[in-house]
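Right, one structure below, let's go through it.
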Amino acid sequence: MSLPKLPPLKLCFPEGRTYVQTYKGVWEKELRDEQGNVVRKGRSRTIDRKTVGKMKPGTRTGYVQFYESFYQDYPELRDYAVYRNEDSSFTLKRISNLNVQNSEDAELIDGVIGTGDYELSDSGKVIKSASGIPMSRDPAELVNASSVYTNHAESFVANDHSARELISTKKGGCFLFVDDSFHKTGLSNALIRTFKEACRNMSARKAYIYARHIEAYLAQMNITGDNTYESFNRFCKEHETMIEMSPHKTTLKRIAALITPKFMDTFHKHFIAEYIKINHTNIIEDGIVLLVDGSPIAHKNKDRIFVTTGRAKNGEFQNQMNVQFMCDATNGCAPIGIDVFNGNTTDIAAFKNVLQKVANYNLTSTNYTVVADKGYTSLDNMVAIERNGGHFILNCRKGDNTDICKAIKRAIKKGLHTNGTYFSGDNADECYEYIDDPYKYDSTPVQGKRARKDAIMRVRYHVFYNCRIYEDAARKLREELRAAIEAYSKASELTSAQQTILSEYTDFDAEKYKPGQEGKELFVFVNKVNDDLRYEGYQVLATNNLKLSSLDVRKLYDSRVSIETKIQNMKQHLGGRTTKSKSDAGLMQKLFFQYLALIISSDIGNRVAQARKERSGKYSDVFRSKKEVFSVLSEMVVDKYKSGLVWKPISQKHKYVLDCLGINMPSSLLSCTKLGEKYEEAPAISDDLAGDEEQIAYL
């Protein structure tokens, strides 16, 4: 196969640089005067000059980097590397034939890879690049790829060999994912605004640097699961965090000291404002389904402002705090708020304060629905949500002579078991009916004054009955009772649980019973057994949104399971199982960081799950879990030079993962902080954050 032909090419050297131009050659005939004498000899002249490429500054031989406009005119040359020889001739070589094992190809390989269209395979051959990112053995050559450099800075890097010194090589792909989530969730802007407002009008630049340090710490928690400050230095040595100043645990501790209850409250206002702005389209259409749930979190705190409470699940007494979580069910259960109480605070008491924060954070300006479990159900809480213009879906406790039991009885009379509607599929054993009840309440309560009860709240009780749940509960109770009676009849040693069930459902007398001696035959209180099983299988969900069907109410309430998963994730993977701290302030700071890490973790988990659902093919197994994704992204390596950051060639697999997760490919030179601060004036960041996005993007 013959090589394609090059058009006429020549060099020009403006200001010490080397450019390649095409031209047309014309022949001008000799000129003679009237007597026939030669005035000007015939000569060749070039016209229509056009710059089509460049070479290394000041050189006359080497690789020619053509512009895209040249390839549009000569597409047959796109797959060839061009080298200018000392005799002004040009050598063409097919790019796919270049190999590092051939020393003659070294300069051509550097030039071809530097364009970003190609990279080296494991065998040393030049192949098409997955990333389109300029790569080079000499990072100074990549300055042209970055728009933040002025000509002065570019000239400096090209001539200063110290800028090419390799400082370190680190993992970088995992942080790309965390960084993308940090910005897309609104955490970045919210933290910057909070530092500015809560910390005596801190400058935007300093607020930005502090927010980036927090981001690096959140990356550590999500990538390694370690939430200790002591591990921060080691993490930053292994992972490139793209922070313009060297991150250190002492700096992180100094930043953490600024986190006070006022800081957290200010952050929530800004974060929820950012959250609503980012998700405004979905919020306008569907509103916010606000899942509320609490969880005890154990802590080791010397000051112990959060008091010792009752038994933990393992039966032991321990210091713990009651943390109330708020998540948006309409957006993958994204966490949008927390509130902290003493460990002995009941969920009903804590819920009132949570609702007040919902009002303070302007969530009441949206169409919102609060979904919560049994521990939060009270008429006062229902009325509080009604006053703020919101809706609720609350799971109701069943008890004798309560409105809930009356609602169940009314639903049965209405035909719950005879003509009630049944679900389909897996829930075919469950039927449902609803009952409406009006409640009078004071629309504008005044402390110390008698309630006027001038408003009416209409509550709809959706009553669900599942025969399978009833049968399981009845079978379990009767089996336990039968086993206890059998142990009694054999005069065996009775466990405390067996003594309790016998005392409750028979005429068993624990004081007279002696193991090894047969006693009288027990009389079973059948009516007591039936009474306790009377409401098994029933569930009552109360709502003030009369537009929702029972199916809609059930679906929204069942989404509450996802918040329990989030809380468990924070405890298990983000260091929240037992939070260690020497002071009350330190405990709050650790909890705040765990909450921020949960926001990142939730977003990352949702995106991985979405990619797993939508993608199939060669690399789809990567999305089996967040851990697997981080493992793959950790293979992306970045070299840190004095002149900036240079990513190693990015494979097709990494590009596929980034594309599926919606992450932009990294730039070759992400920062030029040291160079910029020393040789050119960095752009100032306005204290007015109206333009923060554009200004901070430079950094």
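Chain identifiers are assigned as A, B, and so on, following the order in which chains appear in the structure tokens; residues are numbered from 1 within each chain, and ligands are numbered from 1 in order of appearance.
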- Would you mind listing what lies within 8 Å of region 46-57 of chain A as a PyMOL selection string, with only C-alpha atoms counted and same-chain residues fewer than 6 positions away left out? chain A and resi 16-26+63-67+69-70
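Look at region 459-465 of chain A: the protein and nucleic acid residues within 8 Å of it, using only C-alpha atoms and passing over chain neighbours fewer than 6 places away, are Ala407, Ile408, Ala411, Glu430, Cys431, Tyr432, Glu433, Tyr434, Ile435, Asp436, Asp437, Pro438, Tyr439, Gly537, Tyr538, Gln539, Val540, Leu541, Ala542, Thr543, Asn544, Asn545, Leu546, Ser550 and Val553 of chain A.
Taking CA of Ile469 (chain A) and CA of Tyr376 (chain A) as the two end points, the separation is 23.2 Å.
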- Message: If we count only C-alpha atoms and set the cut-off at 7 Å, which residues sit around Asn85 (chain A), ignoring sequence neighbours fewer than 5 positions away in its own chain? Please answer as a PyMOL selection string.
- Response: chain A and resi 61-62+90
Please save N, CA, C and O atoms of the selected residues as a PDB file, in the first residue's frame.
```
ATOM      1  N   THR A  61      13.673  19.983  13.087  1.00  0.00           N
ATOM      2  CA  THR A  61      13.426  18.562  12.833  1.00  0.00           C
ATOM      3  C   THR A  61      12.587  18.001  13.967  1.00  0.00           C
ATOM      4  O   THR A  61      12.660  18.489  15.105  1.00  0.00           O
ATOM      5  N   GLY A  62      11.826  16.957  13.642  1.00  0.00           N
ATOM      6  CA  GLY A  62      11.037  16.316  14.686  1.00  0.00           C
ATOM      7  C   GLY A  62       9.598  16.071  14.254  1.00  0.00           C
ATOM      8  O   GLY A  62       9.229  16.211  13.080  1.00  0.00           O
ATOM      9  N   PHE A  90      10.214  14.966   4.503  1.00  0.00           N
ATOM     10  CA  PHE A  90       9.290  14.484   5.534  1.00  0.00           C
ATOM     11  C   PHE A  90       9.134  12.974   5.415  1.00  0.00           C
ATOM     12  O   PHE A  90       9.046  12.428   4.310  1.00  0.00           O
TER      13      PHE A  90
END
```
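Counting only C-alpha atoms and comparing A:Leu31, A:Ala298, A:Ala455, A:Leu290, the residue that lies closest to Ala372 (chain A) is A:Leu290.
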Find the nearest atom pair between each residue of region 516-545 of chain A and region 487-501 of chain A for residues within 10 Å, count only C-alpha atoms, give distances in Å to one decimal, sort rows by chain and ascending number, and present the table as CSV.
```
residue,atom,partner,partner_atom,distance
A:Gly516,CA,A:Ala491,CA,4.8
A:Gln517,CA,A:Ala491,CA,5.7
A:Glu518,CA,A:Ala491,CA,5.5
A:Gly519,CA,A:Ser489,CA,7.5
A:Lys520,CA,A:Ser489,CA,8.6
A:Glu521,CA,A:Ser489,CA,7.6
A:Leu522,CA,A:Ser489,CA,8.7
```
- Near Arg452 (chain A), within 9 Å and counting only C-alpha atoms, which residues show up once chain neighbours fewer than 2 positions away are dropped, as a list in words? Tyr441, Asp442, Ser443, Thr444, Pro445, Lys449, Arg450, Asp454 and Ala455 of chain A
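Using only C-alpha atoms, the protein and nucleic acid residues lying no more than 10 Å from region 283-286 of chain A, apart from those fewer than 6 places from it along its own chain, are Tyr275, Ile276, Lys277, Thr330, Asn331, Thr366, Asn367 and Tyr368 of chain A.
Note that CA of Ile663 (chain A) and CA of Arg607 (chain A) are 10.6 Å apart.
CA of Glu86 (chain A) sits 12.6 Å away from CA of Leu11 (chain A).
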- Query: So which bits of region 407-595 of chain A end up alpha helix (DSSP H) when you DSSP the backbone, as a ChimeraX atom specification?
  - Reply: /A:407-413,467-489,496-505,526-532,550-558,561-573,584-595
